[in-house]
$ cat structure18.txt   # compact mmCIF, N, CA, C and O atoms
# COMPACT_ATOMS: atom_id res chain seq x y z
N MET A 1 -138.41 87.43 29.96
CA MET A 1 -137.53 87.02 28.88
C MET A 1 -138.38 86.45 27.75
O MET A 1 -139.31 85.68 27.99
N LEU A 2 -138.06 86.81 26.55
CA LEU A 2 -138.73 86.30 25.37
C LEU A 2 -137.70 85.52 24.56
O LEU A 2 -136.62 86.03 24.25
N LEU A 3 -138.04 84.30 24.23
CA LEU A 3 -137.16 83.45 23.44
C LEU A 3 -137.78 83.30 22.06
O LEU A 3 -138.93 82.88 21.94
N VAL A 4 -137.03 83.65 21.03
CA VAL A 4 -137.51 83.54 19.65
C VAL A 4 -136.70 82.44 18.97
O VAL A 4 -135.48 82.51 18.92
N LEU A 5 -137.41 81.43 18.48
CA LEU A 5 -136.77 80.34 17.74
C LEU A 5 -137.19 80.44 16.28
O LEU A 5 -138.38 80.49 15.98
N ILE A 6 -136.22 80.49 15.41
CA ILE A 6 -136.50 80.55 13.97
C ILE A 6 -136.49 79.12 13.45
O ILE A 6 -135.48 78.42 13.53
N ASP A 7 -137.62 78.68 12.90
CA ASP A 7 -137.74 77.31 12.42
C ASP A 7 -137.78 77.31 10.90
O ASP A 7 -138.49 78.09 10.29
N GLY A 8 -137.01 76.44 10.32
CA GLY A 8 -136.95 76.31 8.87
C GLY A 8 -135.62 75.68 8.52
O GLY A 8 -134.86 75.29 9.40
N THR A 9 -135.33 75.60 7.25
CA THR A 9 -134.01 75.12 6.85
C THR A 9 -132.99 76.18 7.26
O THR A 9 -133.34 77.32 7.57
N TRP A 10 -131.72 75.81 7.24
CA TRP A 10 -130.69 76.78 7.61
C TRP A 10 -130.71 77.97 6.68
O TRP A 10 -130.61 79.12 7.11
N SER A 11 -130.87 77.74 5.39
CA SER A 11 -130.89 78.87 4.44
C SER A 11 -132.14 79.72 4.63
O SER A 11 -132.08 80.95 4.52
N GLN A 12 -133.28 79.10 4.94
CA GLN A 12 -134.50 79.88 5.20
C GLN A 12 -134.32 80.76 6.44
O GLN A 12 -134.70 81.93 6.44
N ALA A 13 -133.75 80.20 7.49
CA ALA A 13 -133.53 80.97 8.72
C ALA A 13 -132.57 82.13 8.48
O ALA A 13 -132.80 83.25 8.95
N GLN A 14 -131.50 81.87 7.75
CA GLN A 14 -130.55 82.93 7.44
C GLN A 14 -131.19 84.03 6.61
O GLN A 14 -130.99 85.22 6.86
N ASN A 15 -131.99 83.64 5.62
CA ASN A 15 -132.68 84.64 4.79
C ASN A 15 -133.67 85.46 5.61
O ASN A 15 -133.78 86.67 5.43
N LEU A 16 -134.39 84.80 6.51
CA LEU A 16 -135.35 85.50 7.35
C LEU A 16 -134.65 86.56 8.19
O LEU A 16 -135.10 87.71 8.27
N MET A 17 -133.56 86.19 8.82
CA MET A 17 -132.83 87.15 9.66
C MET A 17 -132.20 88.26 8.81
O MET A 17 -132.22 89.42 9.20
N ARG A 18 -131.68 87.92 7.65
CA ARG A 18 -131.07 88.92 6.77
C ARG A 18 -132.11 89.91 6.25
O ARG A 18 -131.85 91.09 6.12
N ASN A 19 -133.30 89.41 5.96
CA ASN A 19 -134.35 90.25 5.37
C ASN A 19 -135.30 90.84 6.39
O ASN A 19 -136.30 91.46 6.01
N SER A 20 -135.02 90.65 7.66
CA SER A 20 -135.85 91.20 8.74
C SER A 20 -134.96 91.98 9.70
O SER A 20 -134.70 91.53 10.82
N PRO A 21 -134.49 93.16 9.28
CA PRO A 21 -133.55 93.90 10.13
C PRO A 21 -134.13 94.25 11.50
O PRO A 21 -133.40 94.29 12.49
N GLY A 22 -135.43 94.49 11.58
CA GLY A 22 -136.05 94.81 12.86
C GLY A 22 -135.99 93.63 13.81
O GLY A 22 -135.70 93.78 15.01
N LEU A 23 -136.26 92.45 13.30
CA LEU A 23 -136.18 91.23 14.11
C LEU A 23 -134.75 90.98 14.54
O LEU A 23 -134.47 90.70 15.71
N ALA A 24 -133.84 91.10 13.60
CA ALA A 24 -132.42 90.88 13.90
C ALA A 24 -131.92 91.86 14.96
O ALA A 24 -131.17 91.48 15.86
N ALA A 25 -132.34 93.11 14.87
CA ALA A 25 -131.90 94.13 15.84
C ALA A 25 -132.50 93.89 17.22
O ALA A 25 -131.88 94.22 18.23
N ALA A 26 -133.69 93.32 17.27
CA ALA A 26 -134.38 93.11 18.55
C ALA A 26 -133.92 91.85 19.26
O ALA A 26 -134.21 91.67 20.44
N CYS A 27 -133.19 90.99 18.57
CA CYS A 27 -132.79 89.70 19.14
C CYS A 27 -131.30 89.67 19.44
O CYS A 27 -130.50 90.27 18.73
N THR A 28 -130.96 88.94 20.47
CA THR A 28 -129.56 88.68 20.80
C THR A 28 -129.30 87.21 20.50
O THR A 28 -129.89 86.33 21.12
N PRO A 29 -128.46 86.92 19.51
CA PRO A 29 -128.17 85.53 19.19
C PRO A 29 -127.47 84.84 20.37
O PRO A 29 -126.66 85.46 21.06
N VAL A 30 -127.80 83.60 20.59
CA VAL A 30 -127.15 82.81 21.64
C VAL A 30 -126.65 81.51 21.05
O VAL A 30 -127.15 81.04 20.04
N MET A 31 -125.66 80.94 21.70
CA MET A 31 -125.11 79.66 21.27
C MET A 31 -124.86 78.84 22.52
O MET A 31 -124.39 79.37 23.53
N PHE A 32 -125.16 77.57 22.48
CA PHE A 32 -124.92 76.68 23.61
C PHE A 32 -123.45 76.30 23.62
O PHE A 32 -122.85 76.06 22.59
N GLY A 33 -122.89 76.23 24.82
CA GLY A 33 -121.49 75.83 24.96
C GLY A 33 -121.38 74.35 25.24
O GLY A 33 -122.36 73.67 25.51
N GLY A 34 -120.18 73.86 25.18
CA GLY A 34 -119.91 72.47 25.53
C GLY A 34 -120.14 71.51 24.38
O GLY A 34 -120.65 71.87 23.33
N GLU A 35 -119.74 70.29 24.63
CA GLU A 35 -119.91 69.23 23.64
C GLU A 35 -121.39 68.92 23.47
O GLU A 35 -122.14 68.90 24.44
N GLN A 36 -121.79 68.69 22.26
CA GLN A 36 -123.18 68.31 22.02
C GLN A 36 -123.26 67.40 20.82
O GLN A 36 -122.45 67.46 19.92
N HIS A 37 -124.24 66.55 20.87
CA HIS A 37 -124.51 65.62 19.77
C HIS A 37 -125.94 65.90 19.33
O HIS A 37 -126.87 65.76 20.12
N ALA A 38 -126.11 66.32 18.10
CA ALA A 38 -127.44 66.62 17.59
C ALA A 38 -128.17 65.31 17.29
O ALA A 38 -127.68 64.48 16.54
N ILE A 39 -129.33 65.15 17.89
CA ILE A 39 -130.15 63.95 17.66
C ILE A 39 -130.45 63.81 16.17
O ILE A 39 -130.34 62.74 15.60
N ILE A 40 -130.81 64.91 15.57
CA ILE A 40 -131.19 64.90 14.15
C ILE A 40 -129.98 64.64 13.25
O ILE A 40 -130.12 64.28 12.09
N GLY A 41 -128.77 64.76 13.83
CA GLY A 41 -127.55 64.55 13.07
C GLY A 41 -127.41 63.15 12.50
O GLY A 41 -126.63 62.92 11.59
N GLU A 42 -128.18 62.21 13.03
CA GLU A 42 -128.15 60.86 12.48
C GLU A 42 -128.84 60.80 11.12
O GLU A 42 -128.61 59.88 10.35
N LEU A 43 -129.71 61.78 10.85
CA LEU A 43 -130.43 61.81 9.58
C LEU A 43 -129.85 62.79 8.58
O LEU A 43 -129.90 62.58 7.39
N ARG A 44 -129.37 63.92 9.10
CA ARG A 44 -128.86 64.95 8.19
C ARG A 44 -127.65 65.61 8.82
O ARG A 44 -127.50 65.63 10.03
N ARG A 45 -126.82 66.16 7.99
CA ARG A 45 -125.63 66.83 8.46
C ARG A 45 -125.95 68.30 8.72
O ARG A 45 -126.49 68.98 7.87
N GLU A 46 -125.61 68.76 9.90
CA GLU A 46 -125.81 70.16 10.24
C GLU A 46 -124.67 70.97 9.62
O GLU A 46 -123.57 70.44 9.42
N PRO A 47 -124.90 72.25 9.30
CA PRO A 47 -123.87 73.03 8.62
C PRO A 47 -122.62 73.28 9.45
O PRO A 47 -121.54 73.46 8.90
N GLN A 48 -122.76 73.30 10.78
CA GLN A 48 -121.61 73.48 11.66
C GLN A 48 -121.80 72.58 12.88
O GLN A 48 -122.92 72.20 13.20
N GLN A 49 -120.71 72.29 13.57
CA GLN A 49 -120.77 71.33 14.68
C GLN A 49 -121.72 71.79 15.79
O GLN A 49 -122.36 70.95 16.42
N HIS A 50 -121.83 73.09 16.02
CA HIS A 50 -122.68 73.57 17.12
C HIS A 50 -124.16 73.62 16.75
O HIS A 50 -124.99 73.91 17.60
N CYS A 51 -124.51 73.33 15.52
CA CYS A 51 -125.89 73.44 15.05
C CYS A 51 -126.74 72.25 15.49
O CYS A 51 -126.23 71.14 15.65
N MET A 52 -128.03 72.51 15.64
CA MET A 52 -128.98 71.47 16.02
C MET A 52 -130.35 71.84 15.49
O MET A 52 -130.55 72.97 15.03
N SER A 53 -131.29 70.94 15.59
CA SER A 53 -132.65 71.22 15.13
C SER A 53 -133.32 72.23 16.07
O SER A 53 -132.89 72.42 17.21
N THR A 54 -134.37 72.84 15.58
CA THR A 54 -135.12 73.80 16.38
C THR A 54 -135.66 73.14 17.64
O THR A 54 -135.61 73.72 18.73
N LEU A 55 -136.16 71.93 17.51
CA LEU A 55 -136.72 71.23 18.67
C LEU A 55 -135.64 70.96 19.72
O LEU A 55 -135.87 71.15 20.92
N GLU A 56 -134.46 70.56 19.28
CA GLU A 56 -133.37 70.32 20.22
C GLU A 56 -132.96 71.62 20.92
O GLU A 56 -132.73 71.64 22.13
N ALA A 57 -132.89 72.70 20.16
CA ALA A 57 -132.54 74.00 20.75
C ALA A 57 -133.59 74.44 21.75
O ALA A 57 -133.27 74.97 22.82
N CYS A 58 -134.86 74.20 21.42
CA CYS A 58 -135.96 74.56 22.33
C CYS A 58 -135.83 73.78 23.64
O CYS A 58 -135.97 74.36 24.73
N ALA A 59 -135.56 72.50 23.56
CA ALA A 59 -135.43 71.67 24.77
C ALA A 59 -134.26 72.15 25.62
O ALA A 59 -134.38 72.28 26.85
N ARG A 60 -133.13 72.44 24.99
CA ARG A 60 -131.96 72.91 25.75
C ARG A 60 -132.22 74.26 26.38
O ARG A 60 -131.86 74.51 27.53
N ALA A 61 -132.85 75.16 25.62
CA ALA A 61 -133.15 76.49 26.15
C ALA A 61 -134.14 76.41 27.30
O ALA A 61 -134.00 77.13 28.30
N LEU A 62 -135.13 75.54 27.18
CA LEU A 62 -136.12 75.37 28.23
C LEU A 62 -135.45 74.98 29.55
O LEU A 62 -135.80 75.50 30.62
N ARG A 63 -134.48 74.10 29.48
CA ARG A 63 -133.77 73.68 30.69
C ARG A 63 -133.03 74.85 31.35
O ARG A 63 -132.91 74.92 32.57
N ILE A 64 -132.51 75.75 30.53
CA ILE A 64 -131.75 76.90 31.05
C ILE A 64 -132.68 77.99 31.58
O ILE A 64 -132.48 78.51 32.68
N VAL A 65 -133.70 78.31 30.79
CA VAL A 65 -134.60 79.41 31.14
C VAL A 65 -135.53 79.05 32.29
O VAL A 65 -135.88 79.89 33.11
N GLU A 66 -135.94 77.80 32.35
CA GLU A 66 -136.92 77.35 33.35
C GLU A 66 -136.40 76.08 34.03
O GLU A 66 -136.84 74.98 33.72
N PRO A 67 -135.45 76.23 34.94
CA PRO A 67 -134.84 75.04 35.57
C PRO A 67 -135.73 74.40 36.64
O PRO A 67 -135.44 74.47 37.83
N THR A 68 -136.81 73.81 36.19
CA THR A 68 -137.75 73.13 37.10
C THR A 68 -137.92 71.68 36.65
O THR A 68 -137.57 71.32 35.52
N ALA A 69 -138.49 70.88 37.52
CA ALA A 69 -138.74 69.48 37.18
C ALA A 69 -139.72 69.38 36.01
O ALA A 69 -139.57 68.51 35.14
N GLU A 70 -140.70 70.26 35.98
CA GLU A 70 -141.69 70.25 34.89
C GLU A 70 -141.03 70.58 33.55
O GLU A 70 -141.31 69.94 32.53
N ALA A 71 -140.15 71.57 33.55
CA ALA A 71 -139.46 71.94 32.31
C ALA A 71 -138.52 70.82 31.87
O ALA A 71 -138.41 70.53 30.67
N GLU A 72 -137.86 70.19 32.81
CA GLU A 72 -136.98 69.06 32.49
C GLU A 72 -137.79 67.93 31.86
O GLU A 72 -137.37 67.33 30.87
N ALA A 73 -138.94 67.65 32.43
CA ALA A 73 -139.81 66.60 31.88
C ALA A 73 -140.26 66.95 30.47
O ALA A 73 -140.26 66.10 29.58
N ALA A 74 -140.62 68.21 30.25
CA ALA A 74 -141.05 68.65 28.92
C ALA A 74 -139.90 68.54 27.92
O ALA A 74 -140.09 68.07 26.79
N ALA A 75 -138.71 68.95 28.32
CA ALA A 75 -137.54 68.88 27.45
C ALA A 75 -137.22 67.43 27.10
O ALA A 75 -136.95 67.10 25.94
N CYS A 76 -137.28 66.56 28.09
CA CYS A 76 -137.04 65.13 27.84
C CYS A 76 -138.08 64.56 26.88
O CYS A 76 -137.75 63.77 25.99
N TYR A 77 -139.33 64.96 27.07
CA TYR A 77 -140.40 64.49 26.19
C TYR A 77 -140.13 64.92 24.75
O TYR A 77 -140.27 64.12 23.82
N MET A 78 -139.73 66.17 24.55
CA MET A 78 -139.44 66.67 23.20
C MET A 78 -138.29 65.88 22.58
O MET A 78 -138.36 65.45 21.42
N GLU A 79 -137.21 65.68 23.35
CA GLU A 79 -136.05 64.96 22.82
C GLU A 79 -136.37 63.50 22.54
O GLU A 79 -135.92 62.95 21.53
N CYS A 80 -137.17 62.88 23.40
CA CYS A 80 -137.55 61.47 23.18
C CYS A 80 -138.42 61.33 21.93
O CYS A 80 -138.27 60.37 21.16
N ALA A 81 -139.32 62.29 21.73
CA ALA A 81 -140.17 62.26 20.54
C ALA A 81 -139.32 62.42 19.28
O ALA A 81 -139.53 61.72 18.28
N LEU A 82 -138.35 63.33 19.32
CA LEU A 82 -137.47 63.52 18.17
C LEU A 82 -136.64 62.27 17.92
O LEU A 82 -136.48 61.83 16.78
N GLN A 83 -136.11 61.68 18.99
CA GLN A 83 -135.31 60.46 18.84
C GLN A 83 -136.16 59.33 18.25
O GLN A 83 -135.68 58.58 17.39
N ALA A 84 -137.41 59.21 18.67
CA ALA A 84 -138.31 58.19 18.11
C ALA A 84 -138.53 58.42 16.62
O ALA A 84 -138.54 57.47 15.83
N MET A 85 -138.68 59.69 16.22
CA MET A 85 -138.86 60.00 14.80
C MET A 85 -137.60 59.63 14.01
O MET A 85 -137.68 59.01 12.95
N VAL A 86 -136.44 59.99 14.54
CA VAL A 86 -135.18 59.68 13.87
C VAL A 86 -135.01 58.16 13.76
O VAL A 86 -134.68 57.65 12.70
N ASP A 87 -135.27 57.45 14.86
CA ASP A 87 -135.15 55.98 14.84
C ASP A 87 -136.08 55.37 13.80
O ASP A 87 -135.69 54.46 13.06
N GLY A 88 -137.31 55.86 13.72
CA GLY A 88 -138.27 55.36 12.74
C GLY A 88 -137.80 55.60 11.31
O GLY A 88 -137.92 54.72 10.45
N GLN A 89 -137.27 56.79 11.05
CA GLN A 89 -136.80 57.09 9.69
C GLN A 89 -135.57 56.26 9.34
O GLN A 89 -135.44 55.80 8.20
N LEU A 90 -134.68 56.07 10.31
CA LEU A 90 -133.51 55.23 10.05
C LEU A 90 -133.92 53.78 9.80
O LEU A 90 -133.37 53.12 8.93
N ARG A 91 -134.89 53.30 10.57
CA ARG A 91 -135.40 51.95 10.38
C ARG A 91 -136.03 51.81 8.98
O ARG A 91 -135.80 50.82 8.28
N HIS A 92 -136.78 52.81 8.57
CA HIS A 92 -137.42 52.80 7.25
C HIS A 92 -136.35 52.79 6.15
O HIS A 92 -136.49 52.08 5.15
N ARG A 93 -135.30 53.55 6.33
CA ARG A 93 -134.20 53.58 5.35
C ARG A 93 -133.61 52.19 5.19
O ARG A 93 -133.33 51.73 4.09
N THR A 94 -133.37 51.53 6.32
CA THR A 94 -132.76 50.21 6.31
C THR A 94 -133.68 49.18 5.65
O THR A 94 -133.25 48.36 4.85
N GLU A 95 -134.98 49.27 5.96
CA GLU A 95 -135.95 48.32 5.39
C GLU A 95 -136.16 48.55 3.90
O GLU A 95 -136.50 47.62 3.18
N SER A 96 -135.95 49.77 3.44
CA SER A 96 -136.17 50.11 2.03
C SER A 96 -135.06 49.62 1.13
O SER A 96 -135.20 49.56 -0.07
N ARG A 97 -133.95 49.27 1.72
CA ARG A 97 -132.77 48.86 0.90
C ARG A 97 -132.82 47.42 0.54
O ARG A 97 -133.34 46.56 0.93
$ encode --input "structure18.txt" --output "C-alpha cells"
Amino acid sequence: MLLVLIDGTWSQAQNLMRNSPGLAAACTPVMFGGEQHAIIGELRREPQQHCMSTLEACARALRIVEPTAEAEAAACYMECALQAMVDGQLRHRTESR
C-alpha cells in the first residue's frame, strides 16, 4: 500500500490535484469517519468539519495502516509535537496582547 499525503494550504492541495490528472487518477481519496477534533483547529479554522492538518492525517492513517505498538507510539509522538506547537503559539498570542 502506498499512502500519498498532499501537504500545503487547502487551496494549494486542491490546485495540485486539479492540475495533476495523473496523480488524481492514481489515487483513491479517503476520509476518516467518526467524530474528530483537529488539534490545529485551535489556531486556524479548517474549511470543513472533517478536515485536519497533514500531520494529524498522517498520524491517524499510520494507526490504521500499521496497527502496531511502534506505529501507535510514532502517531502519539507526532500528535504531541503538534499539540506542543499549538500550545506555544496560543501562549505567544496571549502574551502578545
$ residues_near_point --input "structure18.txt" --point "(-132.1, 69.5, 16.9)" --cutoff "6 Å" --atoms "all atoms listed in the file" --output "NGL selection string"
:A and (38-40 or 52-57)
$ residues_around --input "structure18.txt" --residues "range 4-13 of chain A" --least-positions-apart "4" --cutoff "8 Å" --atoms "only C-alpha atoms" --output "list in words"
Met17, Cys27, Pro47, Thr54 and Cys58 of chain A
$ closest_residue --input "structure18.txt" --among "A:Met1, A:Arg91, A:Gln49, A:Ala84" --to "His37 in chain A" --atoms "all atoms listed in the file"
A:Gln49
$ atom_distance --input "structure18.txt" --atom1 "CA of Ser20 in chain A" --atom2 "atom O of Ala59 in chain A"
26.2 Å
$ atom_distance --input "structure18.txt" --atom1 "CA of Arg45 in chain A" --atom2 "atom C of Ala26 in chain A"
28.5 Å
$ atom_distance --input "structure18.txt" --atom1 "CA of Pro67 in chain A" --atom2 "CA of Val30 in chain A"
17.7 Å
$ axis_aligned_box --input "structure18.txt" --around "range 25-39 of chain A" --padding-each-side "8 Å" --output "AutoDock Vina command-line options"
--center_x -127.1 --center_y 78.5 --center_z 20.2 --size_x 30.6 --size_y 47.5 --size_z 26.7
$ select_by_dssp --input "structure18.txt" --residues "chain A" --states "helix (DSSP H, G or I)" --output "ChimeraX atom specification"
/A:10-18,21-26,39-42,54-65,69-96
$ residues_around --input "structure18.txt" --residues "Ala71 in chain A" --least-positions-apart "6" --cutoff "12 Å" --atoms "only C-alpha atoms" --output "list in words"
Cys58, Ala59, Arg60, Ala61, Leu62, Arg63, Ile64, Val65, Tyr77 and Met78 of chain A
$ decode --input "structure18.txt" --residues "range 9-45 of chain A" --atoms "C-alpha atoms" --output "CSV table (one decimal), in the first residue's frame"
chain,number,residue,atom,x,y,z
A,9,THR,CA,-2.7,25.0,2.2
A,10,TRP,CA,-6.1,23.8,1.3
A,11,SER,CA,-6.1,25.8,-1.9
A,12,GLN,CA,-2.6,24.6,-2.8
A,13,ALA,CA,-3.6,21.0,-2.3
A,14,GLN,CA,-6.8,21.4,-4.4
A,15,ASN,CA,-4.8,23.1,-7.2
A,16,LEU,CA,-2.2,20.4,-7.1
A,17,MET,CA,-4.8,17.7,-7.5
A,18,ARG,CA,-6.7,19.6,-10.2
A,19,ASN,CA,-3.6,20.3,-12.2
A,20,SER,CA,-2.1,16.8,-11.8
A,21,PRO,CA,-4.7,14.5,-13.5
A,22,GLY,CA,-2.2,11.5,-13.5
A,23,LEU,CA,-1.8,11.8,-9.7
A,24,ALA,CA,-5.5,12.3,-9.2
A,25,ALA,CA,-6.3,9.2,-11.3
A,26,ALA,CA,-3.7,7.1,-9.5
A,27,CYS,CA,-5.0,8.0,-6.0
A,28,THR,CA,-8.1,6.9,-4.2
A,29,PRO,CA,-9.3,9.7,-1.8
A,30,VAL,CA,-10.1,8.6,1.7
A,31,MET,CA,-11.8,10.3,4.6
A,32,PHE,CA,-11.8,9.3,8.3
A,33,GLY,CA,-15.1,8.5,9.9
A,34,GLY,CA,-16.4,9.4,13.3
A,35,GLU,CA,-16.1,12.4,15.5
A,36,GLN,CA,-12.8,14.2,15.4
A,37,HIS,CA,-11.3,17.3,16.8
A,38,ALA,CA,-8.5,18.8,14.8
A,39,ILE,CA,-5.6,19.8,17.1
A,40,ILE,CA,-4.6,22.6,14.7
A,41,GLY,CA,-8.2,23.8,14.9
A,42,GLU,CA,-7.3,25.8,17.9
A,43,LEU,CA,-5.2,28.0,15.7
A,44,ARG,CA,-7.0,28.1,12.4
A,45,ARG,CA,-10.4,27.1,11.1
